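Participant: The structure under discussion is supplied below as structure tokens; questions concerning it will follow.
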Amino acid sequence: GTPAIRRNEGESLWHDWGSSGPDPTFPTDTFSSRFTRNATFTCGTYRFHLFTDDGVRFWVDNVLKLDQWRDQVASYTVDVALSSGRHALKVEHYENGGGAAIRVWWEKLADCQPAVAVDYASTHYVRPGASVDPTVRVRVTAGYLDGGRGDALTFVSGSALGASATQPVYGTVHEGSTYTFDVVNSSSFRMTAPSAEGTYESRWQVKAAGSLIGPQATVRVVVDGTPPTIAIQSPASGAYLNSNTVTVRAVPQDANGIDQVQFFVGYNSGSGWGWQNLGWDLDGSDGWSRTWNAAGVPDQAGVAFYAYAWDRAGNGAGTAVWNVTLDRTPPTTAIRPLAATQESTAFIVWWDGSDNVAGMSHYDLQKRQDGGAWENWHQGVGSQYVGAWFIGDMGHRYGFRMRGVDRAGNAEAYPGSAEAETYINPCSGDAYESDNGPGQARPMAVGQSQAHNFCGVDDQDWVRFWARAGQRYVLQTGGLGWTCDTVLTLYDADGTTVLAENDDIAYPDNLASRVEWIARRDGWLYARVRHYNGRIAGNAVTYTLWLEEGYRAYLPLVLRRR
């Protein structure tokens with residue numbers, strides 16, 4: 001039912017009401033009460049004592065431990081194992097008649113056997129002879145640690161490296177709490193690294209209530225006196241950069257691991273060349289790198305990058321890359337003007353180009369015919385070239401445009417219109433046309449010459465002459481127009497059997513042709529003259545053909561000082 005009285009009884013429960021009741025307003029018999037308390041315990045076994053007149057019930061953490069709900073005058077004991085911490089106690093009592101009493105108290109019979117877990121044991125990377133401050137952190141999972149009974153961290157195996165074999169616990173450490181053994185609690189825990197490189201292990205275990213408990217904690221000291229190695233992966237020495245954002249990547253290596261890498265960039269800011277700190281990379285899980293924001297830096301050659309790596313023991317080493325060029329400005333180019341018209345299907349397109357820092361890499365050229373769509377003509381033309389031959393078709397207009405690309409990869413934009421245009425005029429055949437085959441070959445006498453031009457794709461000029469047995473004959477072209485390159489072929493009387501052929505008298509200085517032949521018998525011989533490239537033709541693609549007997553004389557030119 002609903003309680004008649006609620007009150008705080010304090011920490012003890014010790015009532016002996018005799019023949020009275022708990023309150024003047026209460027009856028002396030036939031009443032009941034309920035007492036609750038949250039009490040703090042340390043881990044152990046506890047004996048609870050209860051004296052009652054009449055009935056009694058007893059709970060610990062809502063678990064019924066005693067049920068003597070009857071008229072009586074009696075004493076009881078209940079033994080309960082409790083963990084460290086707060087526990088809920090509840091006592092219920094009733095009085096039926098006669099005397100009335102309820103008393104509860106407890107005593108600790110025994111402590112829990114303590115247990116610990118190792119949360120942390122330090123690893124140290126140091127140089128030979130360095131001072132080491134180890135740390136071991138333990139967590140009490142059962143019972144407690146008590147420095148008063150001599151609980152401590154004890155050296156069990158390995159190399160203590162000068163640390164005292166016993167590291168005491170100060171105070172009491174209850175279940176669920178942690179305790180840290182370090183030089184702050186005891187300077188005797190300090191170690192000294194040996195002079196020889198290697199890994200040294202020092203194993204420790206908690207000793208509580210006279211027994212070693214829990215797992216061993218291993219303190220590792222890695223002695224390392226060897227510097228790491230490091231290389232800059234990118235940019236490379238001599239690299240060309242064309243971005244405002246440059247990522248510098250390094251590849252450090254060390255047998256015992258890399259702790260951090262610091263990066264620098266050297267350049268001329270406008271007031272002189274100097275090193276600038278780019279910062280540190282403390283986490284190499286995604287590679288070791290830093291980014292340089294070069295947005296406000298002038299284009300220039302002679303940029304350098306430096307990276308310095310530290311290993312976990314503090315050993316360091318650095319490396320640099322040099323002669324890096326920063327250039328974000330495209331080059332400039334221009335095609336030189338062309339003549340309005342051309343008298344040859346072949347002509348040279350000339351250009352000029354320059355770049356401010358990195359230097360020119362190559363040129364890309366495009367062409368179009370009669371105002372049509374632009375087409376790639378020559379792509380990736382080396383920077384050493386300043387012109388290119390073009391072969392078109394007569395009766396058409398051609399336009400040209402270009403762009404330059406520098407060594408840093410900056411590409412100039414193509415102009416929106418043609419930089420140079422020209423028209424190839426149709427041509428008129430020479431006086432000997434048509435003479436395009438042996439059946440149309442024009443007769444030619446010894447000592448005679450003929451002036452020709454190539455007019456049309458794959459145009460050929462044929463002649464025939466009467467040869468006498470044993471006589472030497474010389475056929476030769478000369479007076480070539482500047483786009484002309486003749487090939488001279490001598491045929492037998494059938495017009496198909498080749499007797500001799502010559503392309504160039506002295507390539508590349510003399511592109512004319514010469515054939516010398518001693519006739520085996522009397523009869524007609526045929527000669528054909530064609531252009532080395534059948535697509536080259538026009539009014540300006542001219543040459544002269546000579547026919548002579550014997551040897552042609554070549555007189556030297558002698559200059560005399562006046």
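Simple scheme: letters A, B, ... for chains in structure tokens order, numbers from 1 for residues in each chain, numbers from 1 for ligands in the order shown.
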With a distance cut-off of 10 Å and only C-alpha atoms, select the neighbouring residues of Asn510 (chain A), excluding the residue or stretch itself and same-chain residues fewer than 4 positions from it, and output the selection as a PDB file with N, CA and C atoms, in the first residue's frame.

Facilitator:
ATOM      1  N   GLY A 478      68.747  20.727-117.344  1.00  0.00           N
ATOM      2  CA  GLY A 478      69.362  21.847-116.648  1.00  0.00           C
ATOM      3  C   GLY A 478      68.410  23.023-116.612  1.00  0.00           C
ATOM      4  N   LEU A 480      66.786  24.234-114.140  1.00  0.00           N
ATOM      5  CA  LEU A 480      65.575  23.822-113.439  1.00  0.00           C
ATOM      6  C   LEU A 480      64.930  24.988-112.687  1.00  0.00           C
ATOM      7  N   ASP A 485      62.555  18.929-110.097  1.00  0.00           N
ATOM      8  CA  ASP A 485      63.503  17.859-109.782  1.00  0.00           C
ATOM      9  C   ASP A 485      63.257  16.755-110.812  1.00  0.00           C
ATOM     10  N   ASP A 503      68.548  10.170-111.585  1.00  0.00           N
ATOM     11  CA  ASP A 503      67.681  11.120-110.886  1.00  0.00           C
ATOM     12  C   ASP A 503      68.411  12.442-110.713  1.00  0.00           C
ATOM     13  N   ASP A 504      69.439  12.455-109.881  1.00  0.00           N
ATOM     14  CA  ASP A 504      70.141  13.712-109.563  1.00  0.00           C
ATOM     15  C   ASP A 504      71.596  13.610-109.959  1.00  0.00           C
ATOM     16  N   ILE A 505      72.091  14.665-110.528  1.00  0.00           N
ATOM     17  CA  ILE A 505      73.522  14.711-110.857  1.00  0.00           C
ATOM     18  C   ILE A 505      74.343  14.756-109.569  1.00  0.00           C
ATOM     19  N   ALA A 506      73.917  15.562-108.606  1.00  0.00           N
ATOM     20  CA  ALA A 506      74.645  15.663-107.329  1.00  0.00           C
ATOM     21  C   ALA A 506      73.662  16.125-106.255  1.00  0.00           C
TER      22      ALA A 506
END

Participant: Using only C-alpha atoms, which residues sit within 9 Å of region 304-313 of chain A once same-chain residues fewer than 6 positions away are excluded, as a PDB file with N, CA, C and O atoms, in the first residue's frame?

Facilitator:
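Output file around-v6.pdb is given in full below:
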ATOM      1  N   HIS A 124      60.045   2.711 -28.500  1.00  0.00           N
ATOM      2  CA  HIS A 124      60.882   3.903 -28.648  1.00  0.00           C
ATOM      3  C   HIS A 124      61.905   3.682 -29.758  1.00  0.00           C
ATOM      4  O   HIS A 124      62.539   2.625 -29.841  1.00  0.00           O
ATOM      5  N   TYR A 125      62.041   4.695 -30.622  1.00  0.00           N
ATOM      6  CA  TYR A 125      63.067   4.695 -31.654  1.00  0.00           C
ATOM      7  C   TYR A 125      64.070   5.775 -31.277  1.00  0.00           C
ATOM      8  O   TYR A 125      63.713   6.975 -31.253  1.00  0.00           O
ATOM      9  N   VAL A 126      65.270   5.375 -30.965  1.00  0.00           N
ATOM     10  CA  VAL A 126      66.244   6.317 -30.430  1.00  0.00           C
ATOM     11  C   VAL A 126      67.606   6.074 -31.044  1.00  0.00           C
ATOM     12  O   VAL A 126      67.878   5.016 -31.625  1.00  0.00           O
ATOM     13  N   ARG A 127      68.473   7.056 -30.877  1.00  0.00           N
ATOM     14  CA  ARG A 127      69.862   6.919 -31.301  1.00  0.00           C
ATOM     15  C   ARG A 127      70.650   6.187 -30.216  1.00  0.00           C
ATOM     16  O   ARG A 127      70.221   6.141 -29.059  1.00  0.00           O
ATOM     17  N   VAL A 222      64.146   0.552 -29.939  1.00  0.00           N
ATOM     18  CA  VAL A 222      64.813   0.308 -31.222  1.00  0.00           C
ATOM     19  C   VAL A 222      65.936   1.320 -31.346  1.00  0.00           C
ATOM     20  O   VAL A 222      65.690   2.535 -31.444  1.00  0.00           O
ATOM     21  N   VAL A 223      67.166   0.836 -31.317  1.00  0.00           N
ATOM     22  CA  VAL A 223      68.343   1.703 -31.399  1.00  0.00           C
ATOM     23  C   VAL A 223      68.741   1.813 -32.867  1.00  0.00           C
ATOM     24  O   VAL A 223      69.026   0.808 -33.527  1.00  0.00           O
ATOM     25  N   ASP A 224      68.751   3.039 -33.385  1.00  0.00           N
ATOM     26  CA  ASP A 224      68.973   3.275 -34.813  1.00  0.00           C
ATOM     27  C   ASP A 224      69.869   4.495 -34.961  1.00  0.00           C
ATOM     28  O   ASP A 224      69.481   5.611 -34.617  1.00  0.00           O
ATOM     29  N   GLY A 225      71.054   4.273 -35.490  1.00  0.00           N
ATOM     30  CA  GLY A 225      71.972   5.384 -35.748  1.00  0.00           C
ATOM     31  C   GLY A 225      72.208   5.631 -37.216  1.00  0.00           C
ATOM     32  O   GLY A 225      73.093   6.407 -37.579  1.00  0.00           O
ATOM     33  N   THR A 226      71.421   4.985 -38.095  1.00  0.00           N
ATOM     34  CA  THR A 226      71.617   5.085 -39.543  1.00  0.00           C
ATOM     35  C   THR A 226      70.598   6.040 -40.137  1.00  0.00           C
ATOM     36  O   THR A 226      69.393   5.854 -39.959  1.00  0.00           O
ATOM     37  N   PRO A 227      71.038   7.078 -40.877  1.00  0.00           N
ATOM     38  CA  PRO A 227      70.079   8.016 -41.491  1.00  0.00           C
ATOM     39  C   PRO A 227      69.247   7.316 -42.558  1.00  0.00           C
ATOM     40  O   PRO A 227      69.664   6.321 -43.148  1.00  0.00           O
ATOM     41  N   PRO A 228      68.066   7.843 -42.827  1.00  0.00           N
ATOM     42  CA  PRO A 228      67.250   7.285 -43.906  1.00  0.00           C
ATOM     43  C   PRO A 228      67.814   7.682 -45.266  1.00  0.00           C
ATOM     44  O   PRO A 228      68.749   8.487 -45.367  1.00  0.00           O
ATOM     45  N   THR A 229      67.267   7.091 -46.313  1.00  0.00           N
ATOM     46  CA  THR A 229      67.542   7.532 -47.686  1.00  0.00           C
ATOM     47  C   THR A 229      66.296   8.235 -48.205  1.00  0.00           C
ATOM     48  O   THR A 229      65.180   7.944 -47.784  1.00  0.00           O
ATOM     49  N   ILE A 230      66.488   9.166 -49.123  1.00  0.00           N
ATOM     50  CA  ILE A 230      65.342   9.904 -49.652  1.00  0.00           C
ATOM     51  C   ILE A 230      65.638  10.332 -51.079  1.00  0.00           C
ATOM     52  O   ILE A 230      66.780  10.678 -51.412  1.00  0.00           O
ATOM     53  N   ALA A 231      64.623  10.281 -51.921  1.00  0.00           N
ATOM     54  CA  ALA A 231      64.699  10.769 -53.295  1.00  0.00           C
ATOM     55  C   ALA A 231      63.425  11.535 -53.598  1.00  0.00           C
ATOM     56  O   ALA A 231      62.351  11.198 -53.084  1.00  0.00           O
ATOM     57  N   ILE A 232      63.542  12.588 -54.391  1.00  0.00           N
ATOM     58  CA  ILE A 232      62.357  13.325 -54.836  1.00  0.00           C
ATOM     59  C   ILE A 232      61.851  12.659 -56.103  1.00  0.00           C
ATOM     60  O   ILE A 232      62.562  12.582 -57.104  1.00  0.00           O
ATOM     61  N   PRO A 235      58.723  16.925 -58.816  1.00  0.00           N
ATOM     62  CA  PRO A 235      59.234  16.957 -60.178  1.00  0.00           C
ATOM     63  C   PRO A 235      60.680  16.424 -60.243  1.00  0.00           C
ATOM     64  O   PRO A 235      61.374  16.399 -59.227  1.00  0.00           O
ATOM     65  N   SER A 237      64.678  16.611 -61.762  1.00  0.00           N
ATOM     66  CA  SER A 237      65.619  17.654 -62.158  1.00  0.00           C
ATOM     67  C   SER A 237      65.456  17.935 -63.651  1.00  0.00           C
ATOM     68  O   SER A 237      65.313  17.021 -64.459  1.00  0.00           O
ATOM     69  N   VAL A 248      54.966  18.328 -54.753  1.00  0.00           N
ATOM     70  CA  VAL A 248      56.309  17.772 -54.617  1.00  0.00           C
ATOM     71  C   VAL A 248      56.185  16.445 -53.877  1.00  0.00           C
ATOM     72  O   VAL A 248      55.671  16.402 -52.752  1.00  0.00           O
ATOM     73  N   ARG A 249      56.643  15.358 -54.485  1.00  0.00           N
ATOM     74  CA  ARG A 249      56.539  14.023 -53.897  1.00  0.00           C
ATOM     75  C   ARG A 249      57.931  13.466 -53.636  1.00  0.00           C
ATOM     76  O   ARG A 249      58.801  13.539 -54.511  1.00  0.00           O
ATOM     77  N   ALA A 250      58.091  12.906 -52.442  1.00  0.00           N
ATOM     78  CA  ALA A 250      59.371  12.321 -52.055  1.00  0.00           C
ATOM     79  C   ALA A 250      59.170  10.856 -51.695  1.00  0.00           C
ATOM     80  O   ALA A 250      58.073  10.444 -51.301  1.00  0.00           O
ATOM     81  N   PRO A 252      61.033   8.576 -49.149  1.00  0.00           N
ATOM     82  CA  PRO A 252      62.036   8.259 -48.128  1.00  0.00           C
ATOM     83  C   PRO A 252      61.930   6.785 -47.735  1.00  0.00           C
ATOM     84  O   PRO A 252      60.845   6.187 -47.787  1.00  0.00           O
ATOM     85  N   GLN A 253      63.044   6.220 -47.321  1.00  0.00           N
ATOM     86  CA  GLN A 253      63.057   4.826 -46.881  1.00  0.00           C
ATOM     87  C   GLN A 253      63.952   4.691 -45.659  1.00  0.00           C
ATOM     88  O   GLN A 253      65.021   5.308 -45.581  1.00  0.00           O
ATOM     89  N   ASP A 254      63.494   3.858 -44.716  1.00  0.00           N
ATOM     90  CA  ASP A 254      64.264   3.576 -43.521  1.00  0.00           C
ATOM     91  C   ASP A 254      63.792   2.239 -42.959  1.00  0.00           C
ATOM     92  O   ASP A 254      62.587   1.942 -42.978  1.00  0.00           O
ATOM     93  N   ALA A 255      64.724   1.443 -42.477  1.00  0.00           N
ATOM     94  CA  ALA A 255      64.384   0.115 -41.974  1.00  0.00           C
ATOM     95  C   ALA A 255      63.414   0.183 -40.808  1.00  0.00           C
ATOM     96  O   ALA A 255      62.609  -0.736 -40.610  1.00  0.00           O
ATOM     97  N   ASN A 256      63.453   1.263 -40.025  1.00  0.00           N
ATOM     98  CA  ASN A 256      62.604   1.376 -38.843  1.00  0.00           C
ATOM     99  C   ASN A 256      61.488   2.408 -38.992  1.00  0.00           C
ATOM    100  O   ASN A 256      60.838   2.760 -38.013  1.00  0.00           O
ATOM    101  N   GLY A 257      61.277   2.882 -40.219  1.00  0.00           N
ATOM    102  CA  GLY A 257      60.154   3.773 -40.469  1.00  0.00           C
ATOM    103  C   GLY A 257      60.541   5.243 -40.509  1.00  0.00           C
ATOM    104  O   GLY A 257      61.519   5.676 -39.909  1.00  0.00           O
ATOM    105  N   ILE A 258      59.741   6.011 -41.262  1.00  0.00           N
ATOM    106  CA  ILE A 258      59.927   7.453 -41.419  1.00  0.00           C
ATOM    107  C   ILE A 258      58.958   8.177 -40.490  1.00  0.00           C
ATOM    108  O   ILE A 258      57.780   7.824 -40.395  1.00  0.00           O
ATOM    109  N   ASP A 259      59.467   9.193 -39.810  1.00  0.00           N
ATOM    110  CA  ASP A 259      58.629   9.971 -38.901  1.00  0.00           C
ATOM    111  C   ASP A 259      57.995  11.164 -39.612  1.00  0.00           C
ATOM    112  O   ASP A 259      56.802  11.401 -39.472  1.00  0.00           O
ATOM    113  N   GLN A 260      58.772  11.924 -40.388  1.00  0.00           N
ATOM    114  CA  GLN A 260      58.248  13.105 -41.054  1.00  0.00           C
ATOM    115  C   GLN A 260      59.196  13.533 -42.161  1.00  0.00           C
ATOM    116  O   GLN A 260      60.369  13.162 -42.178  1.00  0.00           O
ATOM    117  N   VAL A 261      58.659  14.330 -43.091  1.00  0.00           N
ATOM    118  CA  VAL A 261      59.448  14.882 -44.194  1.00  0.00           C
ATOM    119  C   VAL A 261      59.112  16.364 -44.306  1.00  0.00           C
ATOM    120  O   VAL A 261      57.938  16.753 -44.298  1.00  0.00           O
ATOM    121  N   GLN A 262      60.155  17.182 -44.401  1.00  0.00           N
ATOM    122  CA  GLN A 262      59.977  18.628 -44.590  1.00  0.00           C
ATOM    123  C   GLN A 262      60.361  18.987 -46.029  1.00  0.00           C
ATOM    124  O   GLN A 262      61.327  18.445 -46.582  1.00  0.00           O
ATOM    125  N   PHE A 263      59.598  19.917 -46.634  1.00  0.00           N
ATOM    126  CA  PHE A 263      59.794  20.272 -48.029  1.00  0.00           C
ATOM    127  C   PHE A 263      60.112  21.760 -48.155  1.00  0.00           C
ATOM    128  O   PHE A 263      59.572  22.593 -47.420  1.00  0.00           O
ATOM    129  N   PHE A 264      60.978  22.074 -49.133  1.00  0.00           N
ATOM    130  CA  PHE A 264      61.355  23.454 -49.438  1.00  0.00           C
ATOM    131  C   PHE A 264      61.304  23.660 -50.949  1.00  0.00           C
ATOM    132  O   PHE A 264      61.452  22.713 -51.721  1.00  0.00           O
ATOM    133  N   VAL A 265      61.111  24.918 -51.372  1.00  0.00           N
ATOM    134  CA  VAL A 265      61.225  25.296 -52.775  1.00  0.00           C
ATOM    135  C   VAL A 265      62.119  26.516 -52.850  1.00  0.00           C
ATOM    136  O   VAL A 265      62.052  27.419 -52.003  1.00  0.00           O
ATOM    137  N   GLY A 266      62.990  26.543 -53.847  1.00  0.00           N
ATOM    138  CA  GLY A 266      63.876  27.673 -54.072  1.00  0.00           C
ATOM    139  C   GLY A 266      63.571  28.342 -55.394  1.00  0.00           C
ATOM    140  O   GLY A 266      63.464  27.658 -56.422  1.00  0.00           O
ATOM    141  N   TYR A 267      63.405  29.663 -55.386  1.00  0.00           N
ATOM    142  CA  TYR A 267      63.086  30.384 -56.623  1.00  0.00           C
ATOM    143  C   TYR A 267      63.371  31.870 -56.405  1.00  0.00           C
ATOM    144  O   TYR A 267      63.662  32.319 -55.283  1.00  0.00           O
ATOM    145  N   TRP A 275      65.338  30.090 -50.540  1.00  0.00           N
ATOM    146  CA  TRP A 275      64.537  28.917 -50.171  1.00  0.00           C
ATOM    147  C   TRP A 275      63.312  29.354 -49.390  1.00  0.00           C
ATOM    148  O   TRP A 275      63.375  30.245 -48.552  1.00  0.00           O
ATOM    149  N   THR A 319      67.684  15.675 -49.835  1.00  0.00           N
ATOM    150  CA  THR A 319      68.036  15.597 -51.248  1.00  0.00           C
ATOM    151  C   THR A 319      67.351  16.738 -51.974  1.00  0.00           C
ATOM    152  O   THR A 319      66.384  17.328 -51.466  1.00  0.00           O
ATOM    153  N   ALA A 320      67.834  17.053 -53.169  1.00  0.00           N
ATOM    154  CA  ALA A 320      67.294  18.182 -53.933  1.00  0.00           C
ATOM    155  C   ALA A 320      67.225  17.834 -55.408  1.00  0.00           C
ATOM    156  O   ALA A 320      67.926  16.935 -55.894  1.00  0.00           O
ATOM    157  N   VAL A 321      66.334  18.514 -56.124  1.00  0.00           N
ATOM    158  CA  VAL A 321      66.314  18.499 -57.587  1.00  0.00           C
ATOM    159  C   VAL A 321      66.494  19.940 -58.045  1.00  0.00           C
ATOM    160  O   VAL A 321      66.015  20.885 -57.404  1.00  0.00           O
ATOM    161  N   TRP A 322      67.178  20.097 -59.181  1.00  0.00           N
ATOM    162  CA  TRP A 322      67.591  21.423 -59.636  1.00  0.00           C
ATOM    163  C   TRP A 322      67.128  21.664 -61.073  1.00  0.00           C
ATOM    164  O   TRP A 322      66.644  20.772 -61.747  1.00  0.00           O
ATOM    165  N   ASN A 323      67.337  22.915 -61.498  1.00  0.00           N
ATOM    166  CA  ASN A 323      67.107  23.312 -62.890  1.00  0.00           C
ATOM    167  C   ASN A 323      65.689  23.014 -63.354  1.00  0.00           C
ATOM    168  O   ASN A 323      65.456  22.560 -64.480  1.00  0.00           O
ATOM    169  N   VAL A 324      64.728  23.234 -62.475  1.00  0.00           N
ATOM    170  CA  VAL A 324      63.323  23.087 -62.837  1.00  0.00           C
ATOM    171  C   VAL A 324      62.835  24.425 -63.404  1.00  0.00           C
ATOM    172  O   VAL A 324      63.177  25.490 -62.886  1.00  0.00           O
ATOM    173  N   THR A 325      62.048  24.349 -64.470  1.00  0.00           N
ATOM    174  CA  THR A 325      61.548  25.553 -65.134  1.00  0.00           C
ATOM    175  C   THR A 325      60.060  25.709 -64.874  1.00  0.00           C
ATOM    176  O   THR A 325      59.286  24.775 -65.090  1.00  0.00           O
TER     177      THR A 325
END

Participant: When you count only C-alpha atoms, which of these residues is closest to Arg137 (chain A): A:Leu547, A:Ala117, A:Ala445, A:Ala4?

Facilitator: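 Going through A:Leu547, A:Ala117, A:Ala445, A:Ala4 one by one, the smallest distance to Arg137 (chain A) is for A:Ala117.
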
Participant: Applying 10 Å and only C-alpha atoms, which residues near Gly129 (chain A) remain after dropping the ones on its own chain fewer than 3 positions away? List them as a PyMOL selection string.

Facilitator: chain A and resi 126+132+191-197+223+225

Participant: For the residues in that selection, give me all heavy atoms as a compact mmCIF listing (two decimals), in the first residue's frame.

Facilitator:
# COMPACT_ATOMS: atom_id res chain seq x y z
N VAL A 126 65.27 5.38 -30.97
CA VAL A 126 66.24 6.32 -30.43
C VAL A 126 67.61 6.07 -31.04
O VAL A 126 67.88 5.02 -31.62
CB VAL A 126 66.34 6.19 -28.89
CG1 VAL A 126 65.02 6.55 -28.24
CG2 VAL A 126 66.76 4.78 -28.49
N VAL A 132 65.74 7.03 -22.45
CA VAL A 132 64.42 6.52 -22.83
C VAL A 132 63.49 6.61 -21.63
O VAL A 132 63.83 6.16 -20.54
CB VAL A 132 64.52 5.06 -23.33
CG1 VAL A 132 63.14 4.54 -23.70
CG2 VAL A 132 65.48 4.95 -24.50
N MET A 191 65.31 4.48 -18.81
CA MET A 191 66.25 3.53 -19.41
C MET A 191 67.29 4.29 -20.21
O MET A 191 67.13 5.47 -20.54
CB MET A 191 65.50 2.55 -20.33
CG MET A 191 64.45 1.70 -19.64
SD MET A 191 63.58 0.63 -20.82
CE MET A 191 62.45 -0.23 -19.72
N THR A 192 68.37 3.59 -20.59
CA THR A 192 69.43 4.14 -21.44
C THR A 192 69.66 3.19 -22.60
O THR A 192 69.91 2.00 -22.39
CB THR A 192 70.72 4.34 -20.66
OG1 THR A 192 70.49 5.22 -19.55
CG2 THR A 192 71.80 4.93 -21.55
N ALA A 193 69.57 3.74 -23.84
CA ALA A 193 69.74 2.90 -25.02
C ALA A 193 71.18 2.44 -25.14
O ALA A 193 72.12 3.22 -24.89
CB ALA A 193 69.33 3.66 -26.27
N PRO A 194 71.43 1.19 -25.57
CA PRO A 194 72.80 0.72 -25.79
C PRO A 194 73.43 1.42 -26.98
O PRO A 194 72.77 2.11 -27.76
CB PRO A 194 72.62 -0.78 -26.07
CG PRO A 194 71.24 -1.12 -25.63
CD PRO A 194 70.44 0.12 -25.78
N SER A 195 74.73 1.24 -27.15
CA SER A 195 75.44 1.85 -28.27
C SER A 195 75.28 1.03 -29.55
O SER A 195 75.46 1.56 -30.66
CB SER A 195 76.93 1.99 -27.93
OG SER A 195 77.50 0.72 -27.64
N ALA A 196 74.97 -0.24 -29.43
CA ALA A 196 74.82 -1.10 -30.61
C ALA A 196 73.40 -1.01 -31.15
O ALA A 196 72.43 -1.03 -30.40
CB ALA A 196 75.16 -2.55 -30.25
N GLU A 197 73.28 -0.88 -32.48
CA GLU A 197 71.95 -0.84 -33.10
C GLU A 197 71.23 -2.18 -32.93
O GLU A 197 71.85 -3.23 -32.84
CB GLU A 197 72.07 -0.50 -34.58
CG GLU A 197 72.51 0.91 -34.87
CD GLU A 197 72.40 1.29 -36.33
OE1 GLU A 197 72.40 0.36 -37.18
OE2 GLU A 197 72.31 2.48 -36.64
N VAL A 223 67.17 0.84 -31.32
CA VAL A 223 68.34 1.70 -31.40
C VAL A 223 68.74 1.81 -32.87
O VAL A 223 69.03 0.81 -33.53
CB VAL A 223 69.49 1.14 -30.56
CG1 VAL A 223 70.70 2.08 -30.64
CG2 VAL A 223 69.04 0.97 -29.11
N GLY A 225 71.05 4.27 -35.49
CA GLY A 225 71.97 5.38 -35.75
C GLY A 225 72.21 5.63 -37.22
O GLY A 225 73.09 6.41 -37.58

Participant: Have a look at A:Tyr94, A:Gly85, A:Arg397, A:Lys65 and name the one nearest to Thr52 (chain A); count only C-alpha atoms.

Facilitator: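 The closest residue to Thr52 (chain A) is A:Tyr94.
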
Participant: I'd like a table as CSV: residues in region 400-493 of chain A with an atom no more than 8 Å from region 350-372 of chain A, each row giving the shortest atom pair and its distance in Å to one decimal, only C-alpha atoms counted, sorted by chain and rising residue number.

Facilitator:
residue,atom,partner,partner_atom,distance
A:Phe400,CA,A:Lys367,CA,4.6
A:Arg401,CA,A:Gln366,CA,5.5
A:Met402,CA,A:Leu365,CA,4.4
A:Arg403,CA,A:Asp364,CA,5.5
A:Gly404,CA,A:Tyr363,CA,4.7
A:Val405,CA,A:His362,CA,5.5
A:Asp406,CA,A:Met360,CA,4.2
A:Arg407,CA,A:Ser361,CA,4.7
A:Ala408,CA,A:Ala358,CA,6.1

Participant: Write a file of the just-selected residues containing C-alpha atoms, as a compact mmCIF listing (two decimals), in the first residue's frame.

Facilitator:
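Below you can see result.txt, which holds the result:
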# COMPACT_ATOMS: atom_id res chain seq x y z
CA PHE A 400 47.37 28.11 -93.21
CA ARG A 401 47.44 28.62 -89.46
CA MET A 402 49.61 27.28 -86.63
CA ARG A 403 50.19 27.11 -82.93
CA GLY A 404 53.29 26.60 -80.82
CA VAL A 405 53.74 24.30 -77.83
CA ASP A 406 56.60 24.96 -75.40
CA ARG A 407 58.59 22.44 -73.36
CA ALA A 408 56.40 23.04 -70.33

Participant: Using 6 Å as the limit and counting only C-alpha atoms, can you tabulate each residue of region 353-462 of chain A that touches region 527-537 of chain A, with its shortest atom-to-atom distance in Å and the two atoms involved, as JSON lines?

Facilitator:
{"residue": "A:Phe454", "atom": "CA", "partner": "A:Ala537", "partner_atom": "CA", "distance": 5.0}
{"residue": "A:Cys455", "atom": "CA", "partner": "A:Ala537", "partner_atom": "CA", "distance": 5.1}
{"residue": "A:Gly456", "atom": "CA", "partner": "A:Ala537", "partner_atom": "CA", "distance": 5.6}
{"residue": "A:Val457", "atom": "CA", "partner": "A:Arg535", "partner_atom": "CA", "distance": 4.9}
{"residue": "A:Asp458", "atom": "CA", "partner": "A:Gly534", "partner_atom": "CA", "distance": 4.1}
{"residue": "A:Gln460", "atom": "CA", "partner": "A:Arg530", "partner_atom": "CA", "distance": 4.8}
{"residue": "A:Asp461", "atom": "CA", "partner": "A:Val529", "partner_atom": "CA", "distance": 5.2}
{"residue": "A:Trp462", "atom": "CA", "partner": "A:Arg528", "partner_atom": "CA", "distance": 4.5}

Participant: Please report, as a ChimeraX atom specification, each residue of region 131-189 of chain A to which DSSP assigns helix (DSSP H, G or I) when run on this structure's backbone.

Facilitator: /A:147-149,187-189

Participant: Have a look at A:Trp377, A:Ile348, A:Ala413, A:Tyr385 and name the one nearest to Thr329 (chain A); count only C-alpha atoms.

Facilitator: A:Ala413

Participant: Rank nothing, just name the residue among A:Trp482, A:Asp53, A:Tyr170, A:Asn62 nearest to Asn38 (chain A), using only C-alpha atoms.

Facilitator: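 Among the listed residues, A:Asn62 lies closest to Asn38 (chain A).
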
Participant: Between CA of Asp182 (chain A) and CA of Val136 (chain A), measure the distance and give it in Å to one decimal.

Facilitator: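 Atom-to-atom, CA of Asp182 (chain A) to CA of Val136 (chain A), that is 6.7 Å.
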
Participant: Excluding Val297 (chain A) and any residue of its chain fewer than 4 positions from it, enumerate the residues within 12 Å of it, using only C-alpha atoms, and give them as a list in words.

Facilitator: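 Contacts, with the query itself left out: Asn242, Ser243, Asn244, Thr245, Val246, Val265, Gly266, Tyr267, Asn268, Ser269, Gly270, Ser271, Trp273, Gln276, Trp292, Asn293, Ala301, Val303, Thr325, Leu326, Asp327 and Arg328 of chain A.
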
Participant: Ranking A:Asp16, A:Asp281, A:Asp430, A:Asp79 by minimum distance to Phe51 (chain A) and counting only C-alpha atoms, which one comes first?

Facilitator: A:Asp16
